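What follows is work01.cif (mmCIF, C-alpha atoms).
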data_protein
#
loop_
_atom_site.label_atom_id
_atom_site.label_comp_id
_atom_site.auth_asym_id
_atom_site.auth_seq_id
_atom_site.Cartn_x
_atom_site.Cartn_y
_atom_site.Cartn_z
CA MET A 571 62.80 256.62 232.60
CA GLY A 572 61.19 255.80 229.30
CA VAL A 573 59.67 257.86 226.53
CA ALA A 574 55.97 258.33 227.17
CA PRO A 575 54.09 255.82 224.99
CA GLU A 576 51.84 258.55 223.59
CA TYR A 577 54.93 260.23 222.18
CA GLU A 578 56.04 257.27 220.10
CA ASP A 579 53.43 257.87 217.40
CA ASP A 580 54.09 261.62 217.53
CA GLN A 581 57.81 261.05 217.13
CA ARG A 582 57.28 258.78 214.14
CA GLU A 583 54.93 261.32 212.52
CA PHE A 584 57.43 264.09 213.27
CA VAL A 585 60.31 262.39 211.48
CA GLU A 586 58.12 261.38 208.53
CA GLU A 587 57.07 264.98 207.96
CA LEU A 588 60.61 266.28 208.37
CA ILE A 589 61.97 263.78 205.86
CA ARG A 590 59.54 265.01 203.21
CA PHE A 591 61.39 268.34 203.05
CA GLU A 592 64.15 268.17 200.44
CA SER A 593 66.46 270.15 202.70
CA THR A 594 69.69 269.91 200.75
CA SER A 595 72.29 272.64 201.34
CA GLY A 596 70.77 276.03 200.62
CA ASN A 597 67.21 274.68 200.65
CA GLU A 598 66.66 274.30 204.38
CA GLN A 599 64.30 277.22 205.03
CA PRO A 600 60.92 275.45 204.55
CA ALA A 601 62.00 272.61 206.84
CA GLN A 602 63.24 275.05 209.44
CA THR A 603 59.99 277.04 209.43
CA TRP A 604 58.08 273.80 209.98
CA PHE A 605 60.53 272.73 212.70
CA ARG A 606 60.16 276.02 214.58
CA ASP A 607 56.37 275.83 214.42
CA ARG A 608 56.38 272.26 215.72
CA LEU A 609 58.67 273.20 218.61
CA GLU A 610 56.30 275.98 219.60
CA GLU A 611 53.36 273.58 219.49
CA LEU A 612 55.30 271.29 221.84
CA GLY A 613 55.88 274.10 224.32
CA PHE A 614 59.40 275.19 223.48
CA GLU A 615 60.41 278.85 223.51
CA THR A 616 62.06 279.32 220.13
CA TYR A 617 64.96 281.37 218.82
CA THR A 618 65.95 281.80 215.18
CA TRP A 619 69.22 283.09 213.80
CA GLU A 620 70.72 283.67 210.37
CA ALA A 621 74.41 283.32 209.59
CA ASP A 622 76.47 286.35 208.64
CA ALA A 623 78.83 285.43 205.78
CA ALA A 624 81.25 288.23 206.67
CA ARG A 625 81.38 287.01 210.27
CA LEU A 626 81.94 283.39 209.23
CA ALA A 627 84.73 284.52 206.90
CA THR A 628 86.69 285.67 209.95
CA LEU A 629 87.14 282.01 210.89
CA GLU A 630 90.39 280.61 209.50
CA PRO A 631 88.85 277.50 207.86
CA PHE A 632 86.26 279.51 205.90
CA PRO A 633 86.71 281.10 202.46
CA ASP A 634 85.98 284.73 201.63
CA ALA A 635 82.50 286.01 202.44
CA ASP A 636 81.41 286.11 198.79
CA GLU A 637 81.99 282.34 198.58
CA ILE A 638 79.76 281.54 201.57
CA ASP A 639 76.09 280.89 200.84
CA ALA A 640 74.45 282.02 204.09
CA ALA A 641 71.31 283.85 202.94
CA ASP A 642 67.87 282.50 203.82
CA ARG A 643 69.26 279.59 205.80
CA PRO A 644 67.86 280.05 209.32
CA SER A 645 68.80 277.89 212.26
CA VAL A 646 66.34 277.21 215.07
CA GLY A 647 66.72 276.61 218.79
CA GLY A 648 63.97 275.55 221.18
CA VAL A 649 64.34 276.01 224.95
CA LEU A 650 62.70 274.16 227.83
CA GLU A 651 63.33 275.44 231.35
CA PHE A 652 63.46 273.37 234.53
CA GLY A 653 62.93 274.65 238.08
CA ASP A 654 65.12 277.70 238.53
CA PRO A 655 66.86 277.86 235.14
CA GLU A 656 69.51 280.26 236.41
CA ALA A 657 70.47 277.86 239.20
CA GLY A 658 71.33 274.96 236.90
CA PRO A 659 73.31 274.21 233.74
CA THR A 660 72.24 274.59 230.13
CA LEU A 661 72.63 271.54 227.90
CA VAL A 662 72.41 271.95 224.13
CA LEU A 663 71.08 269.04 222.07
CA ASN A 664 72.23 269.84 218.55
CA GLY A 665 71.41 268.34 215.16
CA HIS A 666 71.49 269.47 211.54
CA VAL A 667 68.55 269.58 209.16
CA ASP A 668 70.50 269.65 205.88
CA VAL A 669 71.00 266.46 203.89
CA VAL A 670 73.26 265.56 200.99
CA PRO A 671 71.87 265.41 197.42
CA VAL A 672 70.54 262.16 196.01
CA ASP A 673 71.17 260.11 192.90
CA ARG A 674 67.52 259.21 192.37
CA PRO A 675 68.06 256.34 189.88
CA ALA A 676 70.13 254.56 192.53
CA TRP A 677 67.22 254.54 194.99
CA GLU A 678 64.61 251.81 195.22
CA SER A 679 62.07 254.27 196.65
CA ASP A 680 61.42 258.00 196.66
CA PRO A 681 64.29 259.33 198.82
CA PHE A 682 62.09 262.08 200.25
CA GLU A 683 59.13 259.88 201.07
CA PRO A 684 59.54 257.84 204.27
CA THR A 685 59.46 254.14 203.41
CA TRP A 686 58.97 251.54 206.12
CA ASN A 687 60.11 247.94 205.95
CA GLY A 688 59.05 246.52 209.27
CA ASP A 689 61.01 248.45 211.88
CA SER A 690 63.40 250.00 209.35
CA LEU A 691 62.92 253.47 207.91
CA ALA A 692 64.46 254.29 204.53
CA ALA A 693 64.78 257.87 203.22
CA ARG A 694 67.38 260.56 202.70
CA GLY A 695 68.08 261.79 206.20
CA ALA A 696 66.80 258.65 207.92
CA ALA A 697 70.25 257.96 209.36
CA ASP A 698 71.95 261.32 208.80
CA MET A 699 70.22 262.77 210.65
CA LYS A 700 66.57 263.71 210.80
CA SER A 701 65.70 260.70 212.95
CA GLN A 702 68.20 262.01 215.48
CA LEU A 703 66.60 265.48 215.36
CA ALA A 704 63.29 263.89 216.29
CA MET A 705 65.13 261.96 219.01
CA LEU A 706 66.43 265.19 220.54
CA VAL A 707 63.05 266.93 220.46
CA PHE A 708 61.18 264.11 222.12
CA ALA A 709 63.91 263.34 224.64
CA ALA A 710 63.71 266.93 225.87
CA ARG A 711 59.90 266.95 225.79
CA ALA A 712 59.57 263.66 227.66
CA LEU A 713 61.93 264.80 230.42
CA HIS A 714 60.16 268.13 230.77
CA ASP A 715 56.77 266.45 231.03
CA GLU A 716 57.94 264.57 234.12
CA ALA A 717 57.66 267.93 235.91
CA ARG A 718 60.67 267.17 238.06
CA THR A 719 60.92 269.57 240.99
CA ASP A 720 64.54 268.57 241.72
CA LEU A 721 65.93 269.75 238.38
CA ASP A 722 67.20 273.22 237.57
CA GLY A 723 68.56 274.48 234.28
CA ARG A 724 67.69 274.41 230.60
CA ILE A 725 67.67 272.07 227.64
CA VAL A 726 68.08 273.62 224.20
CA VAL A 727 67.22 271.62 221.07
CA GLU A 728 68.88 273.02 217.94
CA SER A 729 68.28 272.35 214.27
CA VAL A 730 71.10 274.00 212.34
CA THR A 731 71.84 274.43 208.64
CA GLY A 732 74.82 273.78 206.41
CA GLU A 733 76.59 271.06 208.40
CA GLU A 734 77.23 268.89 205.36
CA GLU A 735 79.14 271.66 203.58
CA GLY A 736 81.23 272.70 206.55
CA GLY A 737 78.84 274.54 208.82
CA ILE A 738 76.56 277.56 208.64
CA GLY A 739 74.25 277.59 211.67
CA ALA A 740 76.53 275.98 214.25
CA PRO A 741 79.62 278.16 213.70
CA MET A 742 77.40 281.25 213.81
CA ALA A 743 75.88 280.09 217.10
CA ALA A 744 79.38 279.49 218.44
CA LEU A 745 80.61 282.91 217.33
CA GLU A 746 77.58 284.86 218.53
CA ASN A 747 75.43 283.19 221.15
CA PRO A 748 71.80 283.44 219.91
CA TYR A 749 70.42 282.96 223.42
CA PRO A 750 70.25 285.29 226.43
CA PHE A 751 72.04 282.72 228.61
CA ASP A 752 75.30 280.78 228.59
CA ARG A 753 75.69 277.19 227.38
CA ASP A 754 77.56 274.67 229.51
CA ALA A 755 77.77 271.55 227.32
CA ALA A 756 76.39 270.03 224.15
CA LEU A 757 75.41 266.66 222.80
CA VAL A 758 75.70 266.72 219.01
CA ALA A 759 73.65 264.02 217.34
CA GLU A 760 75.18 261.91 214.59
CA PRO A 761 74.84 258.22 213.66
CA THR A 762 77.55 256.83 215.98
CA GLU A 763 75.94 253.41 216.65
CA PHE A 764 75.71 254.52 220.30
CA GLU A 765 79.48 254.99 220.50
CA VAL A 766 80.66 257.95 222.59
CA VAL A 767 82.66 260.17 220.24
CA VAL A 768 84.95 262.78 221.81
CA ALA A 769 87.16 263.55 218.80
CA THR A 770 86.48 264.20 215.13
CA ALA A 771 88.88 264.37 212.23
CA GLY A 772 90.03 267.30 210.16
CA VAL A 773 89.39 267.36 206.43
CA PHE A 774 90.33 269.57 203.54
CA ILE A 775 89.37 269.35 199.89
CA ALA A 776 92.00 270.05 197.25
CA GLU A 777 91.63 270.49 193.53
CA LEU A 778 94.16 268.62 191.42
CA GLU A 779 94.72 269.70 187.82
CA ILE A 780 97.00 267.87 185.37
CA SER A 781 97.72 269.09 181.84
CA GLY A 782 98.67 266.94 178.88
CA ARG A 783 98.63 267.34 175.09
CA SER A 784 95.72 266.43 172.86
CA ALA A 785 96.08 264.36 169.70
CA HIS A 786 93.91 262.24 167.44
CA ALA A 787 93.35 258.81 168.93
CA ALA A 788 94.55 257.25 165.66
CA SER A 789 98.00 258.65 166.40
CA ARG A 790 97.81 258.93 170.16
CA TRP A 791 101.61 258.71 170.43
CA ASN A 792 101.65 262.34 169.28
CA GLY A 793 99.76 263.36 172.39
CA GLU A 794 100.36 263.17 176.13
CA SER A 795 97.52 261.56 178.05
CA VAL A 796 96.87 262.87 181.54
CA LEU A 797 95.68 259.48 182.76
CA PRO A 798 99.05 257.76 183.44
CA HIS A 799 100.19 260.86 185.32
CA PHE A 800 96.99 260.85 187.34
CA GLU A 801 97.53 257.18 188.21
CA ALA A 802 101.04 257.98 189.41
CA VAL A 803 99.74 260.77 191.63
CA CYS A 804 97.02 258.55 193.07
CA GLN A 805 99.56 255.83 193.87
CA ALA A 806 101.82 258.38 195.56
CA PHE A 807 98.96 259.77 197.65
CA ARG A 808 97.87 256.26 198.63
CA SER A 809 101.41 255.44 199.72
CA LEU A 810 101.50 258.60 201.83
CA GLU A 811 98.15 257.63 203.35
CA ALA A 812 99.63 254.26 204.41
CA GLU A 813 102.76 255.87 205.80
CA ARG A 814 100.74 258.35 207.83
CA HIS A 815 98.57 255.56 209.21
CA ASP A 816 101.65 253.64 210.37
CA ARG A 817 103.46 256.70 211.71
CA LEU A 818 100.72 258.62 213.51
CA ASP A 819 99.54 257.25 216.82
CA HIS A 820 96.42 258.54 218.55
CA PRO A 821 94.74 256.81 221.50
CA LEU A 822 91.23 257.45 220.15
CA TYR A 823 91.81 256.17 216.61
CA ASP A 824 92.07 252.53 215.57
CA TYR A 825 90.66 252.15 212.07
CA PRO A 826 91.87 250.29 208.97
CA VAL A 827 92.87 253.77 207.75
CA ASN A 828 93.00 256.51 210.38
CA CYS A 829 93.52 259.37 207.90
CA PRO A 830 91.68 258.40 204.70
CA VAL A 831 92.42 260.07 201.37
CA ASN A 832 89.74 259.87 198.71
CA VAL A 833 89.55 261.06 195.11
CA GLY A 834 85.89 261.96 194.94
CA THR A 835 85.46 263.44 191.46
CA VAL A 836 87.43 263.14 188.22
CA ASP A 837 86.80 265.02 184.98
CA ALA A 838 89.08 264.21 182.06
CA GLY A 839 88.92 264.28 178.29
CA THR A 840 86.36 265.62 175.85
CA TRP A 841 86.00 262.93 173.16
CA ALA A 842 86.70 259.23 172.78
CA SER A 843 88.79 259.89 169.67
CA SER A 844 91.00 262.47 171.36
CA VAL A 845 93.86 261.98 173.81
CA PRO A 846 92.71 263.50 177.13
CA SER A 847 94.76 266.65 177.67
CA ARG A 848 93.30 267.96 180.91
CA LEU A 849 92.19 266.33 184.13
CA LEU A 850 90.50 267.97 187.09
CA ALA A 851 89.94 266.00 190.29
CA GLU A 852 88.76 266.74 193.82
CA VAL A 853 90.71 265.07 196.61
CA ARG A 854 89.48 264.71 200.20
CA VAL A 855 92.31 264.51 202.72
CA GLY A 856 91.66 263.53 206.34
CA TYR A 857 93.90 264.31 209.30
CA LEU A 858 93.99 263.75 213.06
CA PRO A 859 93.18 266.15 215.93
CA ASP A 860 96.84 266.78 216.69
CA GLU A 861 97.63 267.90 213.13
CA SER A 862 97.16 271.13 211.21
CA ALA A 863 95.73 271.48 207.73
CA ALA A 864 98.78 273.47 206.61
CA ASP A 865 101.23 270.75 207.66
CA VAL A 866 99.20 267.96 206.06
CA GLU A 867 98.76 269.93 202.87
CA ALA A 868 102.52 270.52 202.76
CA ALA A 869 103.14 266.77 203.05
CA PHE A 870 100.88 266.05 200.08
CA ARG A 871 102.44 268.85 198.06
CA GLU A 872 105.87 267.39 198.73
CA ARG A 873 104.73 263.95 197.55
CA LEU A 874 103.25 265.51 194.41
CA GLU A 875 106.56 267.29 193.75
CA GLU A 876 108.32 263.93 193.93
CA VAL A 877 106.00 262.52 191.26
CA THR A 878 106.57 265.64 189.18
CA ALA A 879 110.35 265.34 189.49
CA ASP A 880 110.22 261.77 188.14
CA SER A 881 108.42 262.81 184.93
CA GLU A 882 109.95 264.87 182.14
CA TRP A 883 106.47 265.93 181.04
CA LEU A 884 105.31 266.97 184.51
CA ARG A 885 108.52 268.86 185.18
CA ALA A 886 107.70 270.99 182.15
CA HIS A 887 103.97 271.11 182.99
CA PRO A 888 103.67 271.00 186.81
CA PRO A 889 100.32 269.83 188.20
CA ARG A 890 98.24 272.28 190.21
CA PHE A 891 97.15 271.25 193.71
CA GLU A 892 95.09 273.86 195.57
CA ARG A 893 93.02 273.66 198.70
CA ARG A 894 89.55 275.01 197.98
CA GLY A 895 86.53 276.13 199.95
CA ILE A 896 86.15 275.50 203.65
CA HIS A 897 88.29 273.00 205.46
CA PHE A 898 87.05 271.10 208.49
CA GLU A 899 89.18 271.52 211.59
CA PRO A 900 89.64 268.50 213.85
CA SER A 901 88.53 268.70 217.46
CA ALA A 902 88.73 266.75 220.69
CA ILE A 903 87.68 267.09 224.30
CA ASP A 904 88.94 265.44 227.47
CA PRO A 905 87.11 262.10 227.90
CA GLY A 906 86.77 263.07 231.55
CA GLU A 907 84.43 266.01 230.81
CA PRO A 908 81.21 265.81 232.87
CA ILE A 909 78.95 265.49 229.82
CA VAL A 910 81.03 262.53 228.61
CA GLU A 911 81.07 260.84 232.00
CA THR A 912 77.33 261.43 232.37
CA LEU A 913 76.58 259.85 228.99
CA ARG A 914 78.85 256.89 229.72
CA GLY A 915 77.15 256.37 233.08
CA THR A 916 73.75 256.35 231.41
CA LEU A 917 74.89 253.78 228.87
CA ARG A 918 76.50 251.62 231.55
CA ASP A 919 73.40 251.63 233.75
CA ALA A 920 71.24 250.85 230.72
CA GLY A 921 73.20 247.61 230.28
CA ARG A 922 75.30 248.74 227.34
CA GLY A 923 78.61 248.03 229.07
CA GLU A 924 81.70 250.20 229.29
CA THR A 925 81.64 252.49 226.28
CA ASP A 926 85.18 253.76 225.93
CA PRO A 927 85.28 257.14 224.17
CA ILE A 928 86.56 257.06 220.60
CA GLY A 929 87.54 259.39 217.78
CA GLN A 930 85.88 259.37 214.38
CA THR A 931 87.33 259.83 210.90
CA TYR A 932 84.46 262.13 209.91
CA CYS A 933 83.71 265.73 210.90
CA ALA A 934 80.87 267.21 212.94
CA ASP A 935 79.54 270.56 214.09
CA SER A 936 80.79 269.73 217.58
CA ARG A 937 84.12 271.35 216.69
CA PHE A 938 82.62 274.84 216.63
CA TYR A 939 81.16 274.52 220.11
CA ILE A 940 84.36 273.01 221.46
CA ASP A 941 86.33 275.95 220.04
CA ALA A 942 83.88 278.26 221.83
CA GLY A 943 84.60 276.54 225.14
CA ILE A 944 81.47 274.36 225.19
CA PRO A 945 82.43 270.70 225.78
CA SER A 946 80.58 268.64 223.17
CA VAL A 947 80.14 264.90 222.78
CA VAL A 948 78.88 263.28 219.57
CA PHE A 949 76.34 260.48 219.99
CA GLY A 950 73.33 258.82 218.42
CA PRO A 951 71.69 255.75 216.89
CA GLY A 952 72.28 254.62 213.33
CA SER A 953 75.44 253.93 211.37
CA ILE A 954 77.69 256.21 209.37
CA GLU A 955 77.78 253.36 206.86
CA GLN A 956 74.20 254.31 205.95
CA ALA A 957 74.89 258.05 205.70
CA HIS A 958 75.00 259.51 202.17
CA PHE A 959 74.13 256.09 200.70
CA PRO A 960 71.24 255.23 198.36
CA ASN A 961 68.37 253.68 200.31
CA GLU A 962 69.74 255.20 203.53
CA MET A 963 68.14 253.37 206.45
CA ILE A 964 67.83 253.35 210.24
CA HIS A 965 66.37 250.82 212.68
CA TRP A 966 63.50 252.65 214.38
CA PRO A 967 63.72 250.83 217.75
CA ASP A 968 67.28 252.21 217.95
CA VAL A 969 65.89 255.73 217.57
CA LEU A 970 63.44 255.12 220.41
CA ALA A 971 66.22 253.65 222.55
CA GLY A 972 68.36 256.69 221.74
CA THR A 973 65.54 258.97 222.83
CA GLU A 974 65.46 257.31 226.24
CA LEU A 975 69.25 257.42 226.58
CA VAL A 976 69.47 261.12 225.67
CA ALA A 977 66.60 262.00 228.01
CA GLU A 978 68.25 260.14 230.88
CA THR A 979 71.64 261.72 230.13
CA ALA A 980 70.03 265.16 230.15
CA ARG A 981 68.28 264.40 233.44
CA ARG A 982 71.52 263.30 235.07
CA TYR A 983 73.42 266.27 233.72
CA LEU A 984 70.90 268.77 235.09
CA GLU A 985 70.65 266.86 238.35
CA SER A 986 74.43 267.00 238.82
CA GLY A 987 74.49 270.75 238.25
CA GLY A 988 76.70 270.16 235.21
CA GLY A 989 79.68 269.21 237.33
#

This entry written out as structure tokens:
Amino acid sequence: MGVAPEYEDDQREFVEELIRFESTSGNEQPAQTWFRDRLEELGFETYTWEADAARLATLEPFPDADEIDAADRPSVGGVLEFGDPEAGPTLVLNGHVDVVPVDRPAWESDPFEPTWNGDSLAARGAADMKSQLAMLVFAARALHDEARTDLDGRIVVESVTGEEEGGIGAPMAALENPYPFDRDAALVAEPTEFEVVVATAGVFIAELEISGRSAHAASRWNGESVLPHFEAVCQAFRSLEAERHDRLDHPLYDYPVNCPVNVGTVDAGTWASSVPSRLLAEVRVGYLPDESAADVEAAFRERLEEVTADSEWLRAHPPRFERRGIHFEPSAIDPGEPIVETLRGTLRDAGRGETDPIGQTYCADSRFYIDAGIPSVVFGPGSIEQAHFPNEMIHWPDVLAGTELVAETARRYLESGGG
């Protein structure tokens, strides 16, 4: 099947309008109101749910309720029914509406105004992942408009909030089903370059604090700069990263670095003429599906203690290393799950060859559904190399191709009865 030609212009208009909403974390509500209204215009029955911070706080990865910003951040689901909906499976097509903030001077165009260069669309959210949200909507709509009498079941298209900061809408939907029916499987859209992703990594963020002693730069030998100590810690963490890459073996992971560690922010010093006496850094630590955050954190603490033991100054002034905020649990499903096999069959028959399932070093909302017993595969057009970048871009013909592939996968899944 193909996407109805009359929908191509509608799909392009849809994504352009959605991109114009500056839906960074905590600011998703206007985009979600628009999204719900558009679903209703397209014939979907809609459901809206808010996250309960106290309920989310019961999940082990989440912080205390007062640290979770859940107010006024609705998530939206749109349902299309086929034949006898109770006689067939329910497939969720999930995407997130939130985008990461932008560094506007680094952009060549307005990040929240869709900019076309031939077949390429540039904007914040073009690749991650408002184009994929449009893909899901029009894949479901195109399949429903075929009026197939041999299909039973439901397709649910979800636009959830808070994915970029660890999850708001998806974990709430996993904890408390917002629909009056069960869900059998999910396809979670992300820019996977049409790879079939069945595992995602775990991640935690830790705050590293190192204390030194200030002094006038003219007699800096009277002070103790935090910078050499920070360099020693970074080298130790990088060595541990390499050791973990060599030691850990996972059949779904084959990257230059399977468990990346990244120092994302550094704040040190107050004045060029003063020795920097305090450094605060945020460290992102990745880990594989078979690991736990507690064990990985313990390994990094042990390496930090080794650096501390080698320094007279640090022994007297131990660095602080504390996990903060939410951590992202890893997840994986059996590559033999019906939704995975169905997607692979669609790709194979579309001439895309044998797409062996892989794991990814990033996180996705799929983990919440998997934990709730809903097998979830991650899939979509676009590249993660464009996500979060200035001048973020996606090739529009890939989005249209993805729409056809998702629609065909949904058709086959309903046709098979989900088995």

Surrounding residues of Leu913 of chain A excluding itself and chain neighbours under 4 positions, 9 Å, only C-alpha atoms, as a CSV table (one decimal) with C-alpha atoms, keeping the file's coordinate frame:
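Result saved to around.csv:
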chain,number,residue,atom,x,y,z
A,766,VAL,CA,80.7,258.0,222.6
A,908,PRO,CA,81.2,265.8,232.9
A,909,ILE,CA,79.0,265.5,229.8
A,917,LEU,CA,74.9,253.8,228.9
A,918,ARG,CA,76.5,251.6,231.6
A,947,VAL,CA,80.1,264.9,222.8
A,975,LEU,CA,69.2,257.4,226.6
A,976,VAL,CA,69.5,261.1,225.7
A,978,GLU,CA,68.2,260.1,230.9
A,979,THR,CA,71.6,261.7,230.1
A,980,ALA,CA,70.0,265.2,230.2
A,982,ARG,CA,71.5,263.3,235.1
A,983,TYR,CA,73.4,266.3,233.7

* Asked: How many Å lie between atom CA of Gly737 of chain A and atom CA of Leu663 of chain A, rounded to one decimal?
  ->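 Atom-to-atom, atom CA of Gly737 of chain A to atom CA of Leu663 of chain A, that is 16.3 Å.
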
* Asked: Counting all atoms listed in the file, which residues come within 7 Å of (102.1, 271.6, 181.2), with the point read in the file's coordinates, and could you list them as number ranges by chain?
  -> A: 781-782, 884, 886-888

Output file for the residues above (C-alpha atoms, as a PDB file, in the frame of the given file):
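Generated output (out.pdb):
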ATOM      1  CA  SER A 781      97.720 269.090 181.840  1.00  0.00           C
ATOM      2  CA  GLY A 782      98.670 266.940 178.880  1.00  0.00           C
ATOM      3  CA  LEU A 884     105.310 266.970 184.510  1.00  0.00           C
ATOM      4  CA  ALA A 886     107.700 270.990 182.150  1.00  0.00           C
ATOM      5  CA  HIS A 887     103.970 271.110 182.990  1.00  0.00           C
ATOM      6  CA  PRO A 888     103.670 271.000 186.810  1.00  0.00           C
TER       7      PRO A 888
END

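Going from atom CA of Asn687 of chain A to atom CA of Ala712 of chain A covers 26.8 Å.
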
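Look at everything within 12 Å of (56.3, 260.2, 211.2) using only C-alpha atoms, and the residues you get are Tyr577, Glu578, Asp579, Asp580, Gln581, Arg582, Glu583, Phe584, Val585, Glu586, Glu587, Leu588, Ile589, Arg590, Glu683, Pro684, Thr685, Trp686, Leu691, Ala693, Ala696, Lys700, Ser701, Ala704, Met705 and Trp966 of chain A.
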
Export of the given selection (C-alpha atoms) as a PDB file, keeping the file's coordinate frame:
ATOM      1  CA  TYR A 577      54.930 260.230 222.180  1.00  0.00           C
ATOM      2  CA  GLU A 578      56.040 257.270 220.100  1.00  0.00           C
ATOM      3  CA  ASP A 579      53.430 257.870 217.400  1.00  0.00           C
ATOM      4  CA  ASP A 580      54.090 261.620 217.530  1.00  0.00           C
ATOM      5  CA  GLN A 581      57.810 261.050 217.130  1.00  0.00           C
ATOM      6  CA  ARG A 582      57.280 258.780 214.140  1.00  0.00           C
ATOM      7  CA  GLU A 583      54.930 261.320 212.520  1.00  0.00           C
ATOM      8  CA  PHE A 584      57.430 264.090 213.270  1.00  0.00           C
ATOM      9  CA  VAL A 585      60.310 262.390 211.480  1.00  0.00           C
ATOM     10  CA  GLU A 586      58.120 261.380 208.530  1.00  0.00           C
ATOM     11  CA  GLU A 587      57.070 264.980 207.960  1.00  0.00           C
ATOM     12  CA  LEU A 588      60.610 266.280 208.370  1.00  0.00           C
ATOM     13  CA  ILE A 589      61.970 263.780 205.860  1.00  0.00           C
ATOM     14  CA  ARG A 590      59.540 265.010 203.210  1.00  0.00           C
ATOM     15  CA  GLU A 683      59.130 259.880 201.070  1.00  0.00           C
ATOM     16  CA  PRO A 684      59.540 257.840 204.270  1.00  0.00           C
ATOM     17  CA  THR A 685      59.460 254.140 203.410  1.00  0.00           C
ATOM     18  CA  TRP A 686      58.970 251.540 206.120  1.00  0.00           C
ATOM     19  CA  LEU A 691      62.920 253.470 207.910  1.00  0.00           C
ATOM     20  CA  ALA A 693      64.780 257.870 203.220  1.00  0.00           C
ATOM     21  CA  ALA A 696      66.800 258.650 207.920  1.00  0.00           C
ATOM     22  CA  LYS A 700      66.570 263.710 210.800  1.00  0.00           C
ATOM     23  CA  SER A 701      65.700 260.700 212.950  1.00  0.00           C
ATOM     24  CA  ALA A 704      63.290 263.890 216.290  1.00  0.00           C
ATOM     25  CA  MET A 705      65.130 261.960 219.010  1.00  0.00           C
ATOM     26  CA  TRP A 966      63.500 252.650 214.380  1.00  0.00           C
TER      27      TRP A 966
END

* Top pick for closest residue to Ala838 of chain A, considering A:Asp968, A:Glu985, A:Asp668, A:Glu779 and counting only C-alpha atoms ->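 For Ala838 of chain A, the nearest of the given residues is A:Glu779.
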
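Of the listed residues (A:Ser729, A:Ser679, A:Gln956, A:Asn597), A:Ser729 comes nearest to Thr618 of chain A; the distances count all atoms listed in the file.
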
* **Picked residues, the PyMOL selection byres ((chain A and resi 839) around 12), expected as JSON, numbers by chain** => {"A": [780, 781, 782, 783, 784, 785, 787, 794, 795, 796, 797, 836, 837, 838, 840, 841, 842, 843, 844, 845, 846, 847, 848, 849, 850]}

* Taking into account only C-alpha atoms, which residue in the set A:Ala657, A:Ala692, A:Val855, A:Val707 is nearest to Met963 of chain A? -> A:Ala692

* Of the candidates A:Pro761, A:Gly989, A:Pro821, A:Gly647, which one gets nearest to Val969 of chain A if we count all atoms listed in the file? -> A:Pro761

* Choose the residue, out of A:Leu970, A:Ile896, A:Leu874, A:Ala771, that has the smallest atom-to-atom separation from Glu861 of chain A; count only C-alpha atoms. =>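 Of all the options, A:Ala771 lies closest to Glu861 of chain A.
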
* To do: Can you pull out every residue within 10 Å of Leu626 of chain A, counting only C-alpha atoms, but drop anything in the same chain fewer than 4 positions away, and send it as a list in words?
  => Ala621, Asp622, Glu630, Pro631, Phe632, Pro633, Asp634, Ala635, Ile638, Ala640, Gly737, Ile738, Gly739, Pro741, Met742 and Leu745 of chain A

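In this structure, atom CA of Arg981 of chain A sits 18.5 Å away from atom CA of Asp752 of chain A.
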
What box, with edges along x, y and z, holds each listed atom of segment 647-662 of chain A when 4 Å is added on every side, and can you state its centre and edge lengths in Å to one decimal, as JSON?
{"center_x": 68.0, "center_y": 275.9, "center_z": 229.0, "size_x": 18.6, "size_y": 16.7, "size_z": 28.4}
